[in-house]
Structures are given as C-alpha cells and as structure tokens.
Amino acid sequence: MLFYRAAVDLSPRTLNYVAGMIRRHRKAIGSLWRRLNPGRQALLVLVYLRKGETFTGLGAGFGVSTATAWRYVEETVTLLSARSPKLTAALRKAKRDGLHYLVLDGTLIHTDRVKADRPYFSGKHRVHGMNVQVIASPDGTILWTSGALPGKAHDLSAARV
C-alpha cells in the first residue's frame, strides 16, 4: 500500500480526512467488520479517483474482490458528494471572496456503456460518458461541480439545468 501512496502523491491530511469520514460513517451505520480498515479504504478510493485504476486492479492491489473495490468506491464517493457545497452556497462564498467573475465549463467523463444506452452517448466526442459542469474561480480553483448528466446533454443545456 505504501507504493500506492507514493505513486499517487497524496498528502497525509487528505488521506486522514477521507479515512475519518469513512470511520464516522461506519460507526453511524453500525458496521461491525470490513475487509479493509478505513485508512486502507480511503487509500483505495483516492487511488481510484486520482489514477483511474480499474476495479480489478484495485482489488488485486488491496487484496479484495472487484465487487468489494467497487462498493468501497461507491460508498466513499457518496460520502464525499454529500459534503460538497451546494450551488447557492458556492456562489455566496465567491461573492464574499470578492470574485468579480467565475468560469463555467463542462467536461465529459468517459464511461463504459453499451450502444443501447443512447442517452449516455456523446455525439460530439463519439464516446459514452457523463456530462459534468464545473464552476471555478479565475485562478482555476474549483468552487462547485454539478451532478452527472447523460453524455448527450449539450454543455449549454447542462449549464441551464
């Protein structure tokens, strides 16, 4: 696991923050036992988010099944998204910080989909994916991200939503 931490360039503060969040969640739901402790689960998720490793590779590297790696990532991403700021709060903070303008941009996150999932196919990029809108400060600091929309959504339509 030390190899992953060095290869991913994680700060101990980030790892401890995510591990603490997982620890509190497990205590709240009364989870008695898990294959990985909260620190290792946090590392698994951060490796996935930072490097884009496959669930199979993560499972092999951390000694868990592919399904368990997927469940750990889903659980932690849900916990992280619940802590993200809402749009109105992010805009209020930007106003308080004296930002005169913000940057709105969309990006397509590639996904593995079959051709039957037409809403997720982006004709512009010719791949399946999810459209995510981002509001950032002029220096590039991310202030807010939207929920994922189907890849076929045009950036202007996604921004309106």
# chains A, B, ... in the order shown; residues from 1 in each chain; ligands from 1

call {"tool": "residues_around", "arguments": {"residues": "A:Val77", "least_positions_apart": "6", "cutoff": "12 Å", "atoms": "only C-alpha atoms", "output": "PyMOL selection string"}}
result
chain A and resi 18+21-22+41-42+44-46+48-49+70-71+83-84

call {"tool": "residues_around", "arguments": {"residues": "A:Ser65", "least_positions_apart": "6", "cutoff": "12 Å", "atoms": "only C-alpha atoms", "output": "list in words"}}
result
Arg35, Leu36, Thr54, Phe55, Thr56, Gly57, Leu58, Gly59, Arg71 and Tyr72 of chain A

call {"tool": "residues_around", "arguments": {"residues": "A:Ile142", "least_positions_apart": "5", "cutoff": "12 Å", "atoms": "only C-alpha atoms", "output": "list in words"}}
result
Ser84, Pro85, Leu87, Ala90, Leu91, Ala94, Leu102, Val103, Leu104, Asp105, Gln133, Val134, Ile135, Ala136 and Ser137 of chain A

call {"tool": "atom_distance", "arguments": {"atom1": "atom CA of A:Asn37", "atom2": "atom CA of A:Ala148"}}
result
29.2 Å

call {"tool": "atom_distance", "arguments": {"atom1": "atom CA of A:Thr14", "atom2": "atom CA of A:Arg26"}}
result
18.5 Å

call {"tool": "select_by_dssp", "arguments": {"residues": "stretch 9-41 of chain A", "states": "alpha helix (DSSP H)", "output": "MDAnalysis selection string"}}
result
chainID A and resid 12:29 38:41

call {"tool": "closest_residue", "arguments": {"among": "A:Leu10, A:Leu156, A:Tyr101, A:Leu79", "to": "A:Asp139", "atoms": "only C-alpha atoms"}}
result
A:Tyr101

call {"tool": "residues_around", "arguments": {"residues": "A:His25", "least_positions_apart": "3", "cutoff": "12 Å", "atoms": "only C-alpha atoms", "output": "compact mmCIF listing (two decimals) with N, CA and C atoms, in the first residue's frame"}}
result
# COMPACT_ATOMS: atom_id res chain seq x y z
N VAL A 18 -10.40 11.71 4.57
CA VAL A 18 -11.30 10.71 3.97
C VAL A 18 -11.45 9.51 4.91
N ALA A 19 -10.37 9.07 5.53
CA ALA A 19 -10.45 7.94 6.46
C ALA A 19 -11.34 8.27 7.65
N GLY A 20 -11.24 9.49 8.18
CA GLY A 20 -12.09 9.90 9.29
C GLY A 20 -13.56 9.92 8.91
N MET A 21 -13.84 10.37 7.70
CA MET A 21 -15.21 10.40 7.21
C MET A 21 -15.77 8.97 7.10
N ILE A 22 -14.96 8.06 6.59
CA ILE A 22 -15.37 6.66 6.48
C ILE A 22 -15.57 6.05 7.87
N ALA A 28 -21.74 5.19 12.46
CA ALA A 28 -23.14 5.61 12.38
C ALA A 28 -24.04 4.48 11.89
N ILE A 29 -23.56 3.67 10.95
CA ILE A 29 -24.40 2.59 10.42
C ILE A 29 -24.21 1.28 11.19
N GLY A 30 -23.30 1.28 12.15
CA GLY A 30 -23.09 0.10 12.97
C GLY A 30 -22.39 -1.03 12.23
N SER A 31 -21.49 -0.69 11.33
CA SER A 31 -20.75 -1.70 10.58
C SER A 31 -19.74 -2.37 11.51
N LEU A 32 -19.87 -3.66 11.68
CA LEU A 32 -19.01 -4.37 12.63
C LEU A 32 -17.64 -4.74 12.06
N PRO A 38 -10.63 1.72 7.65
CA PRO A 38 -10.97 2.99 7.00
C PRO A 38 -9.80 3.67 6.27
N GLU A 75 -19.42 3.85 -2.02
CA GLU A 75 -19.76 4.33 -0.67
C GLU A 75 -19.02 5.63 -0.36
N THR A 76 -17.74 5.67 -0.65
CA THR A 76 -16.94 6.84 -0.30
C THR A 76 -17.27 8.04 -1.18
N THR A 78 -20.13 8.69 -2.45
CA THR A 78 -21.41 9.19 -1.93
C THR A 78 -21.19 10.04 -0.69
N LEU A 79 -20.31 9.60 0.20
CA LEU A 79 -20.00 10.38 1.40
C LEU A 79 -19.35 11.71 1.04
N LEU A 80 -18.43 11.69 0.07
CA LEU A 80 -17.76 12.92 -0.35
C LEU A 80 -18.74 13.89 -1.02
N ALA A 82 -21.89 14.19 -0.53
CA ALA A 82 -22.80 14.77 0.45
C ALA A 82 -22.17 15.97 1.15

call {"tool": "atom_distance", "arguments": {"atom1": "atom CA of A:Leu108", "atom2": "atom CA of A:Lys93"}}
result
26.3 Å

call {"tool": "closest_residue", "arguments": {"among": "A:Leu143, A:Val47, A:Ala60, A:Ala69", "to": "A:Arg92", "atoms": "only C-alpha atoms"}}
result
A:Leu143

call {"tool": "select_by_dssp", "arguments": {"residues": "stretch 24-155 of chain A", "states": "strand (DSSP E)", "output": "PyMOL selection string"}}
result
chain A and resi 103-110+121-122+127-136+142-145+149-150

call {"tool": "write_last_selection", "arguments": {"atoms": "C-alpha atoms", "output": "JSON list (two decimals), in the first residue's frame"}}
result
[["chain", "number", "residue", "atom", "x", "y", "z"],
["A", 103, "VAL", "CA", -15.59, 30.34, -15.10],
["A", 104, "LEU", "CA", -18.28, 27.81, -16.08],
["A", 105, "ASP", "CA", -17.13, 24.85, -18.12],
["A", 106, "GLY", "CA", -18.37, 21.38, -18.85],
["A", 107, "THR", "CA", -16.47, 18.17, -19.31],
["A", 108, "LEU", "CA", -17.35, 14.68, -20.44],
["A", 109, "ILE", "CA", -16.30, 11.89, -18.09],
["A", 110, "HIS", "CA", -15.85, 8.73, -20.16],
["A", 121, "PHE", "CA", -23.51, 8.64, -25.94],
["A", 122, "SER", "CA", -21.91, 11.98, -26.77],
["A", 127, "VAL", "CA", -17.93, 8.07, -26.75],
["A", 128, "HIS", "CA", -20.24, 7.18, -23.88],
["A", 129, "GLY", "CA", -19.97, 9.38, -20.84],
["A", 130, "MET", "CA", -21.46, 11.69, -18.25],
["A", 131, "ASN", "CA", -21.55, 15.48, -18.61],
["A", 132, "VAL", "CA", -20.36, 17.37, -15.53],
["A", 133, "GLN", "CA", -20.42, 21.16, -15.21],
["A", 134, "VAL", "CA", -17.78, 22.96, -13.13],
["A", 135, "ILE", "CA", -17.71, 26.49, -11.70],
["A", 136, "ALA", "CA", -14.20, 27.70, -10.95],
["A", 142, "ILE", "CA", -12.95, 24.52, -8.30],
["A", 143, "LEU", "CA", -15.84, 26.03, -6.35],
["A", 144, "TRP", "CA", -18.69, 23.72, -7.38],
["A", 145, "THR", "CA", -19.42, 20.73, -9.59],
["A", 149, "LEU", "CA", -25.93, 14.35, -16.61],
["A", 150, "PRO", "CA", -26.17, 11.98, -19.58]]

call {"tool": "decode", "arguments": {"residues": "stretch 3-154 of chain A", "atoms": "C-alpha atoms", "output": "mmCIF file, in the first residue's frame"}}
result
data_model
loop_
_atom_site.group_PDB
_atom_site.id
_atom_site.type_symbol
_atom_site.label_atom_id
_atom_site.label_comp_id
_atom_site.auth_asym_id
_atom_site.auth_seq_id
_atom_site.Cartn_x
_atom_site.Cartn_y
_atom_site.Cartn_z
ATOM 1 C CA PHE A 3 3.685 2.010 -3.122
ATOM 2 C CA TYR A 4 0.244 3.400 -3.991
ATOM 3 C CA ARG A 5 0.571 6.324 -1.594
ATOM 4 C CA ALA A 6 3.911 7.371 -3.084
ATOM 5 C CA ALA A 7 2.744 6.852 -6.690
ATOM 6 C CA VAL A 8 -0.459 8.852 -6.206
ATOM 7 C CA ASP A 9 1.090 11.886 -4.490
ATOM 8 C CA LEU A 10 -1.377 12.128 -1.599
ATOM 9 C CA SER A 11 -0.997 14.356 1.388
ATOM 10 C CA PRO A 12 -1.460 12.705 4.793
ATOM 11 C CA ARG A 13 -4.076 15.373 5.536
ATOM 12 C CA THR A 14 -6.253 14.272 2.587
ATOM 13 C CA LEU A 15 -5.905 10.610 3.463
ATOM 14 C CA ASN A 16 -6.753 11.255 7.131
ATOM 15 C CA TYR A 17 -9.758 13.406 6.186
ATOM 16 C CA VAL A 18 -11.303 10.710 3.972
ATOM 17 C CA ALA A 19 -10.453 7.938 6.460
ATOM 18 C CA GLY A 20 -12.089 9.898 9.290
ATOM 19 C CA MET A 21 -15.205 10.398 7.206
ATOM 20 C CA ILE A 22 -15.374 6.655 6.482
ATOM 21 C CA ARG A 23 -14.743 5.827 10.153
ATOM 22 C CA ARG A 24 -17.629 8.078 11.276
ATOM 23 C CA HIS A 25 -19.931 6.599 8.629
ATOM 24 C CA ARG A 26 -19.148 3.038 9.694
ATOM 25 C CA LYS A 27 -19.828 3.921 13.311
ATOM 26 C CA ALA A 28 -23.139 5.607 12.383
ATOM 27 C CA ILE A 29 -24.397 2.588 10.424
ATOM 28 C CA GLY A 30 -23.085 0.095 12.968
ATOM 29 C CA SER A 31 -20.750 -1.699 10.579
ATOM 30 C CA LEU A 32 -19.009 -4.371 12.629
ATOM 31 C CA TRP A 33 -16.340 -5.640 10.247
ATOM 32 C CA ARG A 34 -14.897 -4.789 6.842
ATOM 33 C CA ARG A 35 -12.127 -6.365 4.823
ATOM 34 C CA LEU A 36 -10.179 -3.070 4.775
ATOM 35 C CA ASN A 37 -9.848 -0.619 7.640
ATOM 36 C CA PRO A 38 -10.968 2.993 6.997
ATOM 37 C CA GLY A 39 -7.437 4.150 6.145
ATOM 38 C CA ARG A 40 -6.911 1.481 3.517
ATOM 39 C CA GLN A 41 -10.413 2.043 2.100
ATOM 40 C CA ALA A 42 -9.638 5.754 1.818
ATOM 41 C CA LEU A 43 -6.369 4.980 0.049
ATOM 42 C CA LEU A 44 -8.135 2.591 -2.352
ATOM 43 C CA VAL A 45 -10.712 5.256 -3.250
ATOM 44 C CA LEU A 46 -8.162 8.047 -3.620
ATOM 45 C CA VAL A 47 -6.024 5.850 -5.894
ATOM 46 C CA TYR A 48 -9.107 5.197 -7.999
ATOM 47 C CA LEU A 49 -10.043 8.868 -8.201
ATOM 48 C CA ARG A 50 -6.522 10.128 -8.811
ATOM 49 C CA LYS A 51 -5.091 7.484 -11.129
ATOM 50 C CA GLY A 52 -8.207 5.953 -12.694
ATOM 51 C CA GLU A 53 -7.162 2.405 -11.840
ATOM 52 C CA THR A 54 -9.609 -0.335 -12.791
ATOM 53 C CA PHE A 55 -11.640 -2.013 -10.070
ATOM 54 C CA THR A 56 -9.937 -5.290 -10.952
ATOM 55 C CA GLY A 57 -6.501 -3.728 -10.486
ATOM 56 C CA LEU A 58 -7.542 -2.053 -7.239
ATOM 57 C CA GLY A 59 -8.981 -5.300 -5.918
ATOM 58 C CA ALA A 60 -5.791 -7.172 -6.712
ATOM 59 C CA GLY A 61 -3.591 -4.452 -5.222
ATOM 60 C CA PHE A 62 -5.566 -4.199 -1.986
ATOM 61 C CA GLY A 63 -6.455 -7.882 -1.588
ATOM 62 C CA VAL A 64 -10.225 -7.519 -2.090
ATOM 63 C CA SER A 65 -12.610 -8.648 -4.803
ATOM 64 C CA THR A 66 -13.530 -6.439 -7.745
ATOM 65 C CA ALA A 67 -17.067 -6.069 -6.367
ATOM 66 C CA THR A 68 -15.749 -5.003 -2.957
ATOM 67 C CA ALA A 69 -13.473 -2.405 -4.564
ATOM 68 C CA TRP A 70 -16.476 -1.066 -6.495
ATOM 69 C CA ARG A 71 -18.639 -0.944 -3.322
ATOM 70 C CA TYR A 72 -15.917 0.881 -1.378
ATOM 71 C CA VAL A 73 -15.548 3.490 -4.136
ATOM 72 C CA GLU A 74 -19.329 3.970 -4.450
ATOM 73 C CA GLU A 75 -19.757 4.327 -0.674
ATOM 74 C CA THR A 76 -16.938 6.843 -0.297
ATOM 75 C CA VAL A 77 -17.868 8.922 -3.329
ATOM 76 C CA THR A 78 -21.410 9.185 -1.934
ATOM 77 C CA LEU A 79 -19.996 10.380 1.397
ATOM 78 C CA LEU A 80 -17.757 12.924 -0.349
ATOM 79 C CA SER A 81 -20.545 14.243 -2.563
ATOM 80 C CA ALA A 82 -22.805 14.765 0.450
ATOM 81 C CA ARG A 83 -20.147 17.127 1.856
ATOM 82 C CA SER A 84 -19.753 19.165 -1.322
ATOM 83 C CA PRO A 85 -21.149 22.699 -1.343
ATOM 84 C CA LYS A 86 -24.487 23.427 -2.963
ATOM 85 C CA LEU A 87 -24.590 25.904 -5.845
ATOM 86 C CA THR A 88 -26.086 28.791 -3.853
ATOM 87 C CA ALA A 89 -23.519 28.375 -1.067
ATOM 88 C CA ALA A 90 -20.647 28.299 -3.577
ATOM 89 C CA LEU A 91 -21.898 31.458 -5.299
ATOM 90 C CA ARG A 92 -22.346 33.242 -1.950
ATOM 91 C CA LYS A 93 -18.792 32.318 -0.960
ATOM 92 C CA ALA A 94 -17.452 33.588 -4.297
ATOM 93 C CA LYS A 95 -19.251 36.894 -3.751
ATOM 94 C CA ARG A 96 -17.864 37.158 -0.183
ATOM 95 C CA ASP A 97 -14.360 36.470 -1.512
ATOM 96 C CA GLY A 98 -14.718 39.381 -3.930
ATOM 97 C CA LEU A 99 -14.586 37.361 -7.136
ATOM 98 C CA HIS A 100 -15.954 39.536 -9.949
ATOM 99 C CA TYR A 101 -16.367 36.723 -12.432
ATOM 100 C CA LEU A 102 -16.376 32.923 -12.462
ATOM 101 C CA VAL A 103 -15.593 30.341 -15.102
ATOM 102 C CA LEU A 104 -18.277 27.815 -16.084
ATOM 103 C CA ASP A 105 -17.126 24.847 -18.119
ATOM 104 C CA GLY A 106 -18.372 21.379 -18.846
ATOM 105 C CA THR A 107 -16.473 18.173 -19.306
ATOM 106 C CA LEU A 108 -17.354 14.677 -20.441
ATOM 107 C CA ILE A 109 -16.297 11.895 -18.088
ATOM 108 C CA HIS A 110 -15.851 8.732 -20.157
ATOM 109 C CA THR A 111 -17.783 5.660 -19.022
ATOM 110 C CA ASP A 112 -18.101 2.077 -20.171
ATOM 111 C CA ARG A 113 -21.526 1.752 -21.738
ATOM 112 C CA VAL A 114 -23.127 -0.415 -24.361
ATOM 113 C CA LYS A 115 -24.593 1.111 -27.504
ATOM 114 C CA ALA A 116 -28.130 0.592 -26.164
ATOM 115 C CA ASP A 117 -27.522 3.379 -23.640
ATOM 116 C CA ARG A 118 -28.098 6.193 -26.161
ATOM 117 C CA PRO A 119 -28.589 8.974 -23.578
ATOM 118 C CA TYR A 120 -25.003 8.474 -22.447
ATOM 119 C CA PHE A 121 -23.510 8.643 -25.938
ATOM 120 C CA SER A 122 -21.910 11.982 -26.767
ATOM 121 C CA GLY A 123 -22.081 12.623 -30.494
ATOM 122 C CA LYS A 124 -19.568 15.443 -30.116
ATOM 123 C CA HIS A 125 -16.908 13.187 -28.566
ATOM 124 C CA ARG A 126 -18.182 9.898 -30.082
ATOM 125 C CA VAL A 127 -17.929 8.070 -26.753
ATOM 126 C CA HIS A 128 -20.235 7.177 -23.880
ATOM 127 C CA GLY A 129 -19.970 9.377 -20.835
ATOM 128 C CA MET A 130 -21.460 11.686 -18.251
ATOM 129 C CA ASN A 131 -21.550 15.476 -18.613
ATOM 130 C CA VAL A 132 -20.357 17.368 -15.528
ATOM 131 C CA GLN A 133 -20.422 21.165 -15.207
ATOM 132 C CA VAL A 134 -17.785 22.963 -13.126
ATOM 133 C CA ILE A 135 -17.712 26.490 -11.703
ATOM 134 C CA ALA A 136 -14.201 27.704 -10.952
ATOM 135 C CA SER A 137 -12.537 30.900 -9.821
ATOM 136 C CA PRO A 138 -10.325 32.772 -12.318
ATOM 137 C CA ASP A 139 -7.226 31.067 -10.872
ATOM 138 C CA GLY A 140 -8.737 27.614 -11.552
ATOM 139 C CA THR A 141 -9.844 26.697 -8.036
ATOM 140 C CA ILE A 142 -12.953 24.522 -8.301
ATOM 141 C CA LEU A 143 -15.837 26.030 -6.349
ATOM 142 C CA TRP A 144 -18.685 23.720 -7.382
ATOM 143 C CA THR A 145 -19.418 20.728 -9.589
ATOM 144 C CA SER A 146 -22.786 19.634 -10.855
ATOM 145 C CA GLY A 147 -24.275 16.204 -10.666
ATOM 146 C CA ALA A 148 -23.615 13.968 -13.627
ATOM 147 C CA LEU A 149 -25.932 14.351 -16.614
ATOM 148 C CA PRO A 150 -26.169 11.982 -19.581
ATOM 149 C CA GLY A 151 -23.384 12.487 -22.115
ATOM 150 C CA LYS A 152 -25.778 13.537 -24.872
ATOM 151 C CA ALA A 153 -26.624 16.717 -22.926
ATOM 152 C CA HIS A 154 -25.210 19.795 -24.659
#
